>>> print(open('start.cif').read())   # mmCIF, C-alpha atoms and all ligand atoms
data_coords
loop_
_atom_site.label_atom_id
_atom_site.label_comp_id
_atom_site.auth_asym_id
_atom_site.auth_seq_id
_atom_site.Cartn_x
_atom_site.Cartn_y
_atom_site.Cartn_z
CA MET A 352 110.83 129.51 102.11
CA SER A 353 107.77 131.63 102.54
CA PHE A 354 105.81 130.96 99.38
CA SER A 355 102.88 128.56 99.21
CA PRO A 356 103.67 124.87 99.01
CA PRO A 357 102.47 123.14 95.86
CA GLY A 358 98.92 121.91 95.93
CA THR A 359 97.70 124.18 98.72
CA SER A 360 96.49 127.08 96.58
CA VAL A 361 95.22 127.76 93.11
CA GLY A 362 98.62 129.26 92.26
CA PRO A 363 100.51 132.38 93.20
CA ASP A 364 99.09 135.63 91.92
CA ARG A 365 101.23 138.02 89.93
CA ARG A 366 102.68 139.77 92.97
CA ASP A 367 103.64 136.50 94.64
CA GLU A 368 105.26 135.36 91.44
CA ASP A 369 107.29 138.57 91.16
CA ALA A 370 108.39 138.18 94.77
CA LEU A 371 109.43 134.61 94.01
CA ARG A 372 111.41 135.76 90.97
CA ASP A 373 113.22 138.29 93.14
CA ARG A 374 113.98 135.66 95.69
CA VAL A 375 115.27 133.21 93.06
CA ALA A 376 117.54 135.92 91.64
CA ARG A 377 118.90 136.71 95.10
CA GLU A 378 119.54 133.03 95.84
CA LEU A 379 121.29 132.52 92.50
CA ASP A 380 123.45 135.55 93.18
CA ARG A 381 124.25 134.45 96.73
CA ALA A 382 125.42 131.04 95.48
CA ARG A 383 127.51 132.66 92.76
CA ARG A 384 129.22 135.05 95.15
CA ARG A 385 130.30 132.06 97.23
CA THR A 386 131.51 130.18 94.15
CA ARG A 387 133.53 133.24 93.12
CA HIS A 388 135.01 133.57 96.59
CA LEU A 389 136.14 129.94 96.61
CA THR A 390 137.55 130.02 93.08
CA GLU A 391 139.19 133.45 93.23
CA ALA A 392 141.02 132.73 96.49
CA VAL A 393 143.62 130.65 94.63
CA ASP A 394 145.67 131.17 91.47
CA ASP A 395 145.06 129.50 88.12
CA GLY A 396 147.57 126.74 88.82
CA ASP A 397 145.74 125.84 92.00
CA LEU A 398 142.40 125.91 90.19
CA ARG A 399 143.60 123.37 87.65
CA ARG A 400 145.41 121.15 90.15
CA GLN A 401 143.87 118.04 91.64
CA HIS A 402 144.36 118.35 95.38
CA SER A 403 143.13 114.80 96.08
CA PRO A 404 142.03 111.94 93.84
CA LEU A 405 138.71 112.14 95.73
CA MET A 406 138.05 115.61 94.40
CA SER A 407 137.77 117.37 91.06
CA PRO A 408 140.03 120.29 90.15
CA LEU A 409 138.21 123.44 91.31
CA VAL A 410 137.99 124.63 87.71
CA TRP A 411 135.98 121.50 86.85
CA ASP A 412 133.47 122.25 89.63
CA LEU A 413 133.16 125.81 88.38
CA ALA A 414 132.30 124.92 84.79
CA HIS A 415 130.17 121.94 85.89
CA VAL A 416 128.01 124.32 87.92
CA GLY A 417 127.49 126.38 84.77
CA SER A 418 126.88 123.29 82.65
CA GLN A 419 124.08 122.01 84.91
CA GLU A 420 122.58 125.49 84.99
CA GLU A 421 122.64 125.62 81.20
CA LEU A 422 121.08 122.17 80.81
CA TRP A 423 118.18 122.74 83.18
CA LEU A 424 117.44 126.45 83.07
CA VAL A 425 118.61 127.67 79.66
CA ARG A 426 117.72 124.63 77.55
CA ASP A 427 114.92 122.85 79.41
CA VAL A 428 113.04 125.56 81.30
CA GLY A 429 113.91 128.36 78.85
CA GLY A 430 113.79 126.36 75.61
CA ARG A 431 116.76 128.38 74.37
CA VAL A 432 119.50 127.22 72.02
CA PRO A 433 122.49 125.60 73.76
CA LEU A 434 125.51 127.80 74.50
CA ARG A 435 128.16 125.10 74.58
CA PRO A 436 126.80 121.67 73.58
CA ASP A 437 130.39 120.68 72.80
CA ILE A 438 131.32 120.57 76.50
CA ASP A 439 128.31 118.63 77.83
CA ASP A 440 130.30 115.42 78.01
CA LEU A 441 133.27 116.96 79.85
CA TYR A 442 131.11 118.18 82.70
CA ASP A 443 128.82 115.17 83.00
CA ALA A 444 129.68 113.80 86.46
CA PHE A 445 128.60 110.30 85.41
CA ARG A 446 130.93 110.11 82.40
CA HIS A 447 134.23 110.78 84.15
CA ALA A 448 135.42 109.70 87.59
CA ARG A 449 136.84 112.52 89.71
CA ALA A 450 140.32 111.04 89.50
CA ASP A 451 140.20 111.24 85.69
CA ARG A 452 138.97 114.82 85.40
CA PRO A 453 142.35 116.63 85.47
CA ALA A 454 143.35 114.84 82.24
CA LEU A 455 140.29 116.10 80.34
CA PRO A 456 140.54 119.08 77.96
CA LEU A 457 138.76 121.30 80.49
CA LEU A 458 137.95 124.96 79.99
CA SER A 459 140.71 127.19 81.31
CA PRO A 460 139.92 129.32 84.37
CA VAL A 461 139.25 132.38 82.20
CA GLU A 462 137.05 130.39 79.81
CA ALA A 463 135.16 128.79 82.70
CA ARG A 464 134.47 132.18 84.28
CA GLY A 465 133.26 133.56 80.97
CA TYR A 466 131.06 130.51 80.41
CA VAL A 467 129.31 130.59 83.78
CA ALA A 468 128.72 134.34 83.40
CA SER A 469 127.15 133.86 79.94
CA VAL A 470 124.91 131.10 81.25
CA ARG A 471 123.83 133.23 84.20
CA ALA A 472 122.92 136.17 81.96
CA LYS A 473 120.67 133.88 79.89
CA VAL A 474 119.14 132.39 83.03
CA LEU A 475 118.19 135.79 84.40
CA ASP A 476 116.53 136.52 81.08
CA VAL A 477 114.63 133.22 81.24
CA LEU A 478 113.65 133.92 84.85
CA ALA A 479 112.15 137.28 83.90
CA GLY A 480 109.69 135.69 81.48
CA VAL A 481 108.90 132.12 82.45
CA PRO A 482 105.70 131.42 84.43
CA LEU A 483 106.55 129.88 87.81
CA ARG A 484 103.43 127.74 87.85
CA GLY A 485 101.84 124.95 85.87
CA ARG A 486 104.54 122.57 84.70
CA ARG A 487 105.95 120.73 87.73
CA LEU A 488 109.55 121.55 86.86
CA VAL A 489 108.92 125.28 87.18
CA ALA A 490 106.06 125.40 89.73
CA ASP A 491 107.17 127.44 92.75
CA GLY A 492 110.50 127.96 91.02
CA PHE A 493 111.57 124.34 91.64
CA ALA A 494 114.12 124.04 88.81
CA PHE A 495 115.73 127.31 89.88
CA GLY A 496 115.79 126.12 93.50
CA MET A 497 117.34 122.83 92.40
CA ILE A 498 120.11 124.71 90.59
CA VAL A 499 120.68 127.04 93.56
CA GLN A 500 121.08 123.98 95.79
CA HIS A 501 123.30 122.26 93.25
CA GLU A 502 125.68 125.23 93.20
CA GLN A 503 125.62 125.53 96.99
CA GLN A 504 126.39 121.81 97.32
CA HIS A 505 129.33 122.19 94.96
CA ASP A 506 130.45 125.15 97.04
CA GLU A 507 130.63 122.78 100.01
CA THR A 508 132.53 120.26 97.89
CA MET A 509 134.92 123.03 96.85
CA LEU A 510 135.38 123.98 100.49
CA ALA A 511 136.33 120.35 101.18
CA THR A 512 138.86 120.63 98.34
CA HIS A 513 140.29 123.73 100.03
CA GLN A 514 140.69 121.74 103.25
CA LEU A 515 142.59 119.02 101.33
CA ARG A 516 144.75 121.55 99.50
CA SER A 517 148.35 122.00 100.62
CA GLY A 518 150.17 125.33 100.44
CA GLU A 519 149.71 128.75 101.97
CA PRO A 520 146.34 129.32 103.69
CA VAL A 521 143.96 131.42 101.61
CA LEU A 522 140.65 131.26 103.46
CA THR A 523 139.90 133.14 106.66
CA ALA A 524 136.76 133.45 108.77
CA PRO A 525 135.79 134.90 112.14
CA PRO A 526 136.04 132.55 115.14
CA VAL A 527 132.97 130.52 116.09
CA PRO A 528 130.96 131.81 119.03
CA GLY A 529 131.59 130.10 122.35
CA PRO A 530 128.82 128.45 124.35
CA SER A 531 126.35 131.03 125.62
CA VAL A 532 124.30 128.52 127.59
CA PRO A 533 125.47 125.42 129.48
CA PRO A 534 124.85 122.36 127.31
CA GLY A 535 122.76 120.70 130.04
CA PRO A 536 122.35 116.93 130.35
CA ASP A 537 124.35 114.66 128.05
CA GLU A 538 121.33 112.93 126.57
CA VAL A 539 117.56 113.21 126.34
CA LEU A 540 114.78 110.65 126.10
CA VAL A 541 112.86 111.04 122.86
CA PRO A 542 109.48 109.43 123.53
CA ALA A 543 107.98 106.81 121.23
CA GLY A 544 105.63 108.16 118.63
CA THR A 545 104.71 108.70 115.03
CA PHE A 546 105.88 111.69 113.02
CA THR A 547 105.88 112.80 109.40
CA MET A 548 109.25 111.83 107.94
CA GLY A 549 110.25 113.62 104.74
CA THR A 550 108.01 116.17 103.08
CA SER A 551 105.37 116.61 100.42
CA VAL A 552 105.05 120.35 100.95
CA GLU A 553 108.53 121.95 100.89
CA PRO A 554 108.63 123.55 97.42
CA TRP A 555 112.34 123.06 96.84
CA ALA A 556 112.71 119.67 98.53
CA LEU A 557 114.46 117.15 96.30
CA ASP A 558 113.02 113.83 95.20
CA ASN A 559 114.71 111.72 97.88
CA GLU A 560 113.05 113.78 100.66
CA ARG A 561 109.62 112.97 99.25
CA PRO A 562 106.95 111.99 99.96
CA GLY A 563 106.15 112.86 103.56
CA HIS A 564 105.05 109.65 105.25
CA PRO A 565 104.23 108.55 108.80
CA VAL A 566 106.96 106.71 110.68
CA ARG A 567 106.67 105.28 114.19
CA VAL A 568 109.88 105.50 116.19
CA PRO A 569 110.31 103.63 119.49
CA ALA A 570 111.57 105.61 122.49
CA PHE A 571 115.31 106.19 122.47
CA HIS A 572 117.99 108.33 124.07
CA LEU A 573 119.92 110.80 121.94
CA ASP A 574 123.05 112.79 122.81
CA THR A 575 122.26 116.47 123.24
CA LYS A 576 125.54 117.35 121.53
CA ALA A 577 127.80 116.03 118.83
CA VAL A 578 130.77 113.95 120.03
CA THR A 579 133.62 116.31 120.89
CA ASN A 580 137.30 116.14 120.10
CA ALA A 581 137.99 115.59 123.82
CA ARG A 582 135.80 112.48 123.89
CA PHE A 583 137.33 111.25 120.66
CA VAL A 584 140.83 111.63 122.11
CA GLU A 585 139.69 109.40 125.02
CA PHE A 586 138.68 106.77 122.47
CA ILE A 587 142.10 107.02 120.80
CA GLU A 588 143.95 106.88 124.13
CA ASP A 589 141.95 103.81 125.13
CA GLY A 590 143.23 101.97 122.07
CA GLY A 591 140.14 102.56 119.96
CA TYR A 592 142.05 102.15 116.72
CA GLU A 593 143.73 98.93 117.92
CA ARG A 594 140.73 96.93 119.13
CA PRO A 595 138.98 95.01 116.34
CA GLU A 596 136.11 94.09 118.67
CA LEU A 597 134.93 97.71 118.52
CA TRP A 598 134.70 97.75 114.74
CA SER A 599 132.48 96.08 112.18
CA GLU A 600 134.27 93.62 109.93
CA GLU A 601 134.18 96.10 107.03
CA GLY A 602 135.23 98.95 109.31
CA TRP A 603 138.18 97.06 110.75
CA ALA A 604 139.35 96.11 107.25
CA ALA A 605 139.20 99.81 106.30
CA CYS A 606 141.03 100.77 109.50
CA LEU A 607 143.85 98.33 108.74
CA ALA A 608 144.01 99.12 105.03
CA SER A 609 144.46 102.84 105.65
CA ALA A 610 146.41 102.45 108.93
CA LEU A 611 143.92 104.78 110.64
CA ARG A 612 145.10 106.25 113.94
CA ALA A 613 143.08 109.46 114.29
CA PRO A 614 140.61 111.64 112.36
CA LEU A 615 141.79 112.94 109.01
CA PHE A 616 144.05 116.02 109.26
CA TRP A 617 145.23 115.16 112.81
CA ARG A 618 148.78 114.54 113.98
CA ARG A 619 150.40 114.07 117.36
CA ASP A 620 153.57 115.93 118.36
CA GLY A 621 156.49 114.50 120.35
CA ASP A 622 154.86 115.52 123.62
CA GLY A 623 151.69 113.59 122.83
CA ARG A 624 149.58 116.65 122.04
CA TRP A 625 147.11 116.46 119.15
CA TRP A 626 147.10 119.03 116.36
CA ARG A 627 144.89 119.38 113.35
CA ARG A 628 145.20 121.17 110.02
CA VAL A 629 142.37 123.60 109.33
CA PHE A 630 142.42 125.15 105.85
CA GLY A 631 146.20 125.16 105.78
CA ARG A 632 146.89 126.18 109.39
CA TRP A 633 148.04 123.78 112.11
CA GLU A 634 146.40 124.35 115.49
CA PRO A 635 145.99 122.42 118.74
CA VAL A 636 142.87 120.23 118.67
CA SER A 637 140.11 122.16 120.43
CA PRO A 638 138.62 119.86 123.10
CA GLU A 639 135.12 121.34 123.07
CA GLU A 640 134.53 121.37 119.33
CA PRO A 641 132.68 118.52 117.64
CA VAL A 642 135.01 116.00 116.05
CA VAL A 643 135.01 116.29 112.26
CA HIS A 644 136.54 114.32 109.36
CA VAL A 645 135.70 110.89 110.74
CA SER A 646 134.23 108.07 108.69
CA PHE A 647 131.05 106.15 109.45
CA HIS A 648 133.29 103.26 110.55
CA GLU A 649 135.14 105.43 113.08
CA ALA A 650 131.84 106.83 114.35
CA GLU A 651 130.42 103.34 114.74
CA ALA A 652 133.54 102.07 116.56
CA PHE A 653 133.39 105.03 118.95
CA ALA A 654 129.72 104.37 119.68
CA THR A 655 130.46 100.71 120.41
CA TRP A 656 133.35 101.74 122.66
CA CYS A 657 131.04 103.78 124.87
CA GLY A 658 128.22 101.22 124.90
CA ARG A 659 126.02 103.10 122.50
CA ARG A 660 125.12 103.17 118.81
CA LEU A 661 124.55 105.63 115.99
CA PRO A 662 120.99 106.91 115.58
CA THR A 663 118.91 105.68 112.67
CA GLU A 664 117.95 108.26 110.10
CA ALA A 665 114.33 108.19 111.34
CA GLU A 666 115.47 108.76 114.93
CA TRP A 667 117.58 111.71 113.85
CA GLU A 668 114.74 113.32 111.92
CA ARG A 669 112.21 112.71 114.68
CA ALA A 670 114.55 114.39 117.18
CA ALA A 671 115.03 117.31 114.77
CA ARG A 672 111.33 117.86 113.98
CA PHE A 673 109.25 116.56 116.90
CA ASP A 674 107.44 119.18 118.97
CA PRO A 675 106.48 117.57 122.30
CA ARG A 676 104.09 120.42 123.16
CA SER A 677 101.87 120.15 120.11
CA GLY A 678 102.82 116.68 118.92
CA GLU A 679 103.29 118.23 115.46
CA THR A 680 106.19 117.72 113.03
CA ARG A 681 108.17 120.95 112.56
CA ARG A 682 110.29 122.22 109.70
CA TYR A 683 113.35 122.83 111.90
CA PRO A 684 114.35 121.93 115.46
CA TRP A 685 113.43 125.45 116.62
CA GLY A 686 110.13 125.73 114.72
CA ASP A 687 109.12 126.80 111.24
CA GLU A 688 111.25 129.96 110.85
CA ALA A 689 113.95 129.66 108.16
CA PRO A 690 117.50 129.41 109.58
CA THR A 691 119.28 132.63 110.51
CA ASP A 692 122.74 133.28 111.94
CA ARG A 693 121.20 132.88 115.41
CA HIS A 694 119.98 129.34 114.81
CA ALA A 695 122.87 127.39 113.38
CA ASN A 696 126.46 127.40 112.21
CA LEU A 697 125.83 127.20 108.47
CA GLY A 698 126.90 128.89 105.26
CA GLN A 699 130.73 128.95 105.58
CA ARG A 700 130.38 131.91 107.91
CA HIS A 701 132.84 130.19 110.26
CA LEU A 702 135.22 127.61 108.92
CA ARG A 703 134.86 125.17 111.79
CA PRO A 704 132.19 123.56 113.96
CA ALA A 705 131.11 125.34 117.13
CA PRO A 706 130.93 123.91 120.67
CA ALA A 707 127.54 122.82 122.02
CA GLY A 708 125.61 125.73 123.52
CA ALA A 709 126.84 128.26 120.93
CA PHE A 710 123.47 128.52 119.16
CA PRO A 711 120.80 128.34 121.89
CA ALA A 712 118.14 129.75 119.55
CA GLY A 713 118.49 126.59 117.46
CA THR A 714 118.04 124.10 120.30
CA SER A 715 115.18 121.60 119.95
CA PRO A 716 112.34 121.66 122.51
CA LEU A 717 113.80 118.53 124.12
CA GLY A 718 117.15 120.30 124.58
CA VAL A 719 119.17 118.80 121.71
CA HIS A 720 121.82 121.24 120.52
CA GLN A 721 122.84 122.08 116.99
CA LEU A 722 121.17 119.30 115.03
CA LEU A 723 121.52 121.58 112.01
CA GLY A 724 124.90 123.01 111.10
CA ASP A 725 128.42 122.41 112.50
CA VAL A 726 128.98 118.84 111.25
CA TRP A 727 127.09 116.39 109.06
CA GLU A 728 125.99 113.57 111.33
CA TRP A 729 126.42 109.95 110.31
CA THR A 730 123.34 107.78 110.79
CA SER A 731 123.22 103.98 110.69
CA THR A 732 120.75 103.93 107.80
CA PRO A 733 121.62 102.99 104.21
CA PHE A 734 120.40 105.41 101.53
CA ARG A 735 117.06 104.27 100.10
CA GLY A 736 113.93 105.80 98.62
CA TYR A 737 110.99 106.49 100.90
CA PRO A 738 107.75 104.54 100.34
CA GLY A 739 106.15 106.09 97.26
CA PHE A 740 109.44 107.55 95.99
CA ALA A 741 109.35 108.81 92.41
CA ALA A 742 112.50 110.07 90.68
CA PHE A 743 112.22 113.76 89.74
CA PRO A 744 113.41 115.38 87.61
CA TYR A 745 115.98 112.72 86.73
CA ARG A 746 117.03 109.30 88.05
CA GLU A 747 120.65 110.31 88.42
CA TYR A 748 119.92 112.83 91.15
CA SER A 749 119.25 110.17 93.80
CA GLU A 750 117.81 106.90 92.63
CA VAL A 751 120.96 105.47 91.10
CA PHE A 752 122.65 105.81 94.53
CA PHE A 753 120.02 103.89 96.49
CA GLY A 754 121.46 100.78 98.11
CA GLU A 755 123.44 99.31 100.96
CA GLU A 756 126.78 100.84 100.03
CA TYR A 757 125.94 104.38 101.15
CA ARG A 758 125.06 105.71 104.60
CA VAL A 759 122.83 108.71 105.17
CA LEU A 760 124.20 111.83 106.84
CA ARG A 761 121.92 114.50 108.27
CA GLY A 762 121.92 118.07 109.47
CA GLY A 763 124.46 119.92 107.32
CA SER A 764 127.85 121.30 108.34
CA PHE A 765 129.41 124.72 108.77
CA GLY A 766 130.09 124.44 105.02
CA THR A 767 126.43 123.86 104.07
CA ASP A 768 124.20 126.69 102.98
CA HIS A 769 120.80 127.23 104.58
CA ALA A 770 119.22 126.80 101.14
CA VAL A 771 120.14 123.13 101.58
CA ALA A 772 120.09 122.55 105.36
CA ARG A 773 116.48 121.50 105.79
CA ALA A 774 115.58 119.07 108.56
CA THR A 775 114.40 116.74 105.77
CA PHE A 776 117.54 117.06 103.62
CA ARG A 777 119.42 113.78 103.04
CA ASN A 778 123.09 113.53 102.25
CA TRP A 779 124.80 110.21 101.53
CA ASP A 780 128.32 108.93 101.19
CA TYR A 781 130.46 105.81 101.39
CA PRO A 782 131.01 104.69 105.00
CA GLY A 783 134.78 105.04 104.61
CA ARG A 784 134.78 108.67 103.49
CA ARG A 785 136.51 111.22 105.74
CA GLN A 786 137.10 114.33 103.63
CA ILE A 787 133.53 115.55 104.12
CA PHE A 788 132.72 117.71 107.14
CA ALA A 789 131.20 114.81 109.05
CA GLY A 790 130.97 114.00 112.73
CA PHE A 791 128.25 112.25 114.73
CA ARG A 792 126.26 111.95 117.91
CA CYS A 793 125.31 108.72 119.67
CA ALA A 794 122.02 107.14 120.68
CA ARG A 795 120.85 104.19 122.74
CA ASP A 796 117.63 102.24 123.15
CA ALA A 797 115.35 103.25 126.00
CA SER A 798 114.94 100.59 128.67
CA PRO A 799 111.44 99.06 129.10
CA GLU A 800 110.78 101.02 132.32
CA GLU A 801 111.51 104.28 130.48
CA VAL A 802 108.93 103.55 127.77
CA ASP A 803 105.36 104.56 128.54
FE FE A 901 127.01 118.26 90.37
#
>>> encode(input="start.cif", output="structure tokens", more="lines below")
Ligand SMILES: [Fe+2]
Amino acid sequence: MSFSPPGTSVGPDRRDEDALRDRVARELDRARRRTRHLTEAVDDGDLRRQHSPLMSPLVWDLAHVGSQEELWLVRDVGGRVPLRPDIDDLYDAFRHARADRPALPLLSPVEARGYVASVRAKVLDVLAGVPLRGRRLVADGFAFGMIVQHEQQHDETMLATHQLRSGEPVLTAPPVPGPSVPPGPDEVLVPAGTFTMGTSVEPWALDNERPGHPVRVPAFHLDTKAVTNARFVEFIEDGGYERPELWSEEGWAACLASALRAPLFWRRDGDGRWWRRVFGRWEPVSPEEPVVHVSFHEAEAFATWCGRRLPTEAEWERAARFDPRSGETRRYPWGDEAPTDRHANLGQRHLRPAPAGAFPAGTSPLGVHQLLGDVWEWTSTPFRGYPGFAAFPYREYSEVFFGEEYRVLRGGSFGTDHAVARATFRNWDYPGRRQIFAGFRCARDASPEEVD
């Protein structure tokens, strides 16, 4: 994001505003091309089907994306007459649980495609005329950025639905790059210090990332790479799923209730080799890749098994943004430059996480690999508002989820778009969830002699 953050200038001049409009249009189009790819890869029957009670039918996601775009950009920002007020209720995520959505009188695939196209045409018309300054909702294109991120987040959800789907494989992607540098030491010492957590200056940051505020973090050690499949197999082979002492009470109850034995989508063959299903194809588990599709409980049990713990959310963000040379807080682990293909495995370019060392340009100054991209990383922190939090533009975006029952995940996965994968971006989910593209890395306290 190259335009001026709010509050730092008297407002963009005409040329800046035109450049911002162009950028918004490109971002809207980029999100839509991905949505089309994910919804045109399967037939109409597959679009209407519910592939897991945890997920909506893909055709619901498609029309819901259009419905949110209509509500915010056509009606609110544009002040235009509603296109389809009759379907508002159907696509309100708070009115109907995911498991109930297939039984609703949803738009058919052809109707849904027509609807989202009509909404988009109106939005581009609104975009051409609305000032991108003044009112907070539109300043710096915020509402448009929010809708871009909303669609990109649903694209990741739809990718997760594809991973849950049974049947012939329909998605393909080039292989991930291998390591181009050795990953180096297993962990680094992140020194004690104060950094700016969250942001008050990223124009498209969402309410739960705001405001930026100082946080002091004691010294700690952090893994330089996400936990790999090879290490996770060691945990399994050492009886990790059979030893209640490694699990929290809640985690052990979840382990027993679901008879957990391995990450989701894994199976073991008669010779004891592990396989996993990746978008419809079975393949041997790759030892060097980060483990993915594990719950917070599994991550926590693994960390206990190896005498470590999960990082707190503040520790994760400090490691991702701290510049030891200047002492400043950065936008990304590698600096302030927006993510490119060189920095991180993002944007569904590859349909799997990459081994540590595959994106050396994205390494943090302390030598921590791939904090952004590859897998969402579980932290030990429940999802709460930062000091000074104010819901914007609506309580249902974040505030209604604050509480002990959710854990924060950081960093984005291979399925996350770079429009979303900021170092301040906060994802949250129930600690038992495994269908998301989540893995983890471990941390430990620094000993007194290591703290200066
Ligand atoms: Fe949504």
>>> atom_distance(input="start.cif", atom1="atom CA of Thr508 of chain A", atom2="atom CA of Phe765 of chain A")
12.2 Å
>>> closest_atom_pairs(input="start.cif", of="chain A", to="ligand FE 901 (chain A)", cutoff="9 Å", atoms="only C-alpha atoms and all ligand atoms", output="Markdown table")
| residue | atom | partner | partner_atom | distance |
| --- | --- | --- | --- | --- |
| A:Asp412 | CA | A:FE901 | FE | 7.6 |
| A:His415 | CA | A:FE901 | FE | 6.6 |
| A:Val416 | CA | A:FE901 | FE | 6.6 |
| A:Gln419 | CA | A:FE901 | FE | 7.2 |
| A:Tyr442 | CA | A:FE901 | FE | 8.7 |
| A:Asp443 | CA | A:FE901 | FE | 8.2 |
| A:Ala444 | CA | A:FE901 | FE | 6.5 |
| A:His501 | CA | A:FE901 | FE | 6.2 |
| A:Glu502 | CA | A:FE901 | FE | 7.6 |
| A:Gln504 | CA | A:FE901 | FE | 7.8 |
| A:His505 | CA | A:FE901 | FE | 6.5 |
| A:Tyr748 | CA | A:FE901 | FE | 9.0 |
>>> closest_residue(input="start.cif", among="A:Asp687, A:Asp796, A:Asp440, A:Asp369", to="Arg660 of chain A", atoms="all atoms listed in the file")
A:Asp796
>>> residues_around(input="start.cif", residues="segment 727-736 of chain A", least_positions_apart="4", cutoff="8 Å", atoms="all atoms listed in the file", output="VMD selection string")
chain A and resid 559 647 650 661 to 664 667 740 750 752 to 764 779 788 to 792
>>> residues_around(input="start.cif", residues="segment 423-438 of chain A", least_positions_apart="6", cutoff="7 Å", atoms="all atoms listed in the file", output="ChimeraX atom specification")
/A:473-474,477
>>> residues_around(input="start.cif", residues="segment 526-530 of chain A", least_positions_apart="6", cutoff="9 Å", atoms="all atoms listed in the file", output="PDB file with C-alpha atoms, in the frame of the given file")
ATOM      1  CA  ASN A 696     126.460 127.400 112.210  1.00  0.00           C
ATOM      2  CA  ARG A 700     130.380 131.910 107.910  1.00  0.00           C
ATOM      3  CA  HIS A 701     132.840 130.190 110.260  1.00  0.00           C
ATOM      4  CA  LEU A 702     135.220 127.610 108.920  1.00  0.00           C
ATOM      5  CA  ARG A 703     134.860 125.170 111.790  1.00  0.00           C
ATOM      6  CA  PRO A 704     132.190 123.560 113.960  1.00  0.00           C
ATOM      7  CA  ALA A 705     131.110 125.340 117.130  1.00  0.00           C
ATOM      8  CA  PRO A 706     130.930 123.910 120.670  1.00  0.00           C
ATOM      9  CA  ALA A 707     127.540 122.820 122.020  1.00  0.00           C
ATOM     10  CA  GLY A 708     125.610 125.730 123.520  1.00  0.00           C
ATOM     11  CA  ALA A 709     126.840 128.260 120.930  1.00  0.00           C
ATOM     12  CA  PHE A 710     123.470 128.520 119.160  1.00  0.00           C
ATOM     13  CA  PRO A 711     120.800 128.340 121.890  1.00  0.00           C
TER      14      PRO A 711
END
>>> atom_distance(input="start.cif", atom1="atom CA of Val802 of chain A", atom2="atom CA of Thr550 of chain A")
27.7 Å
>>> atom_distance(input="start.cif", atom1="atom CA of Arg384 of chain A", atom2="atom CA of Ala468 of chain A")
11.8 Å
>>> closest_residue(input="start.cif", among="A:Phe743, A:Trp603, A:Trp626, A:Tyr781", to="Trp555 of chain A", atoms="all atoms listed in the file")
A:Phe743
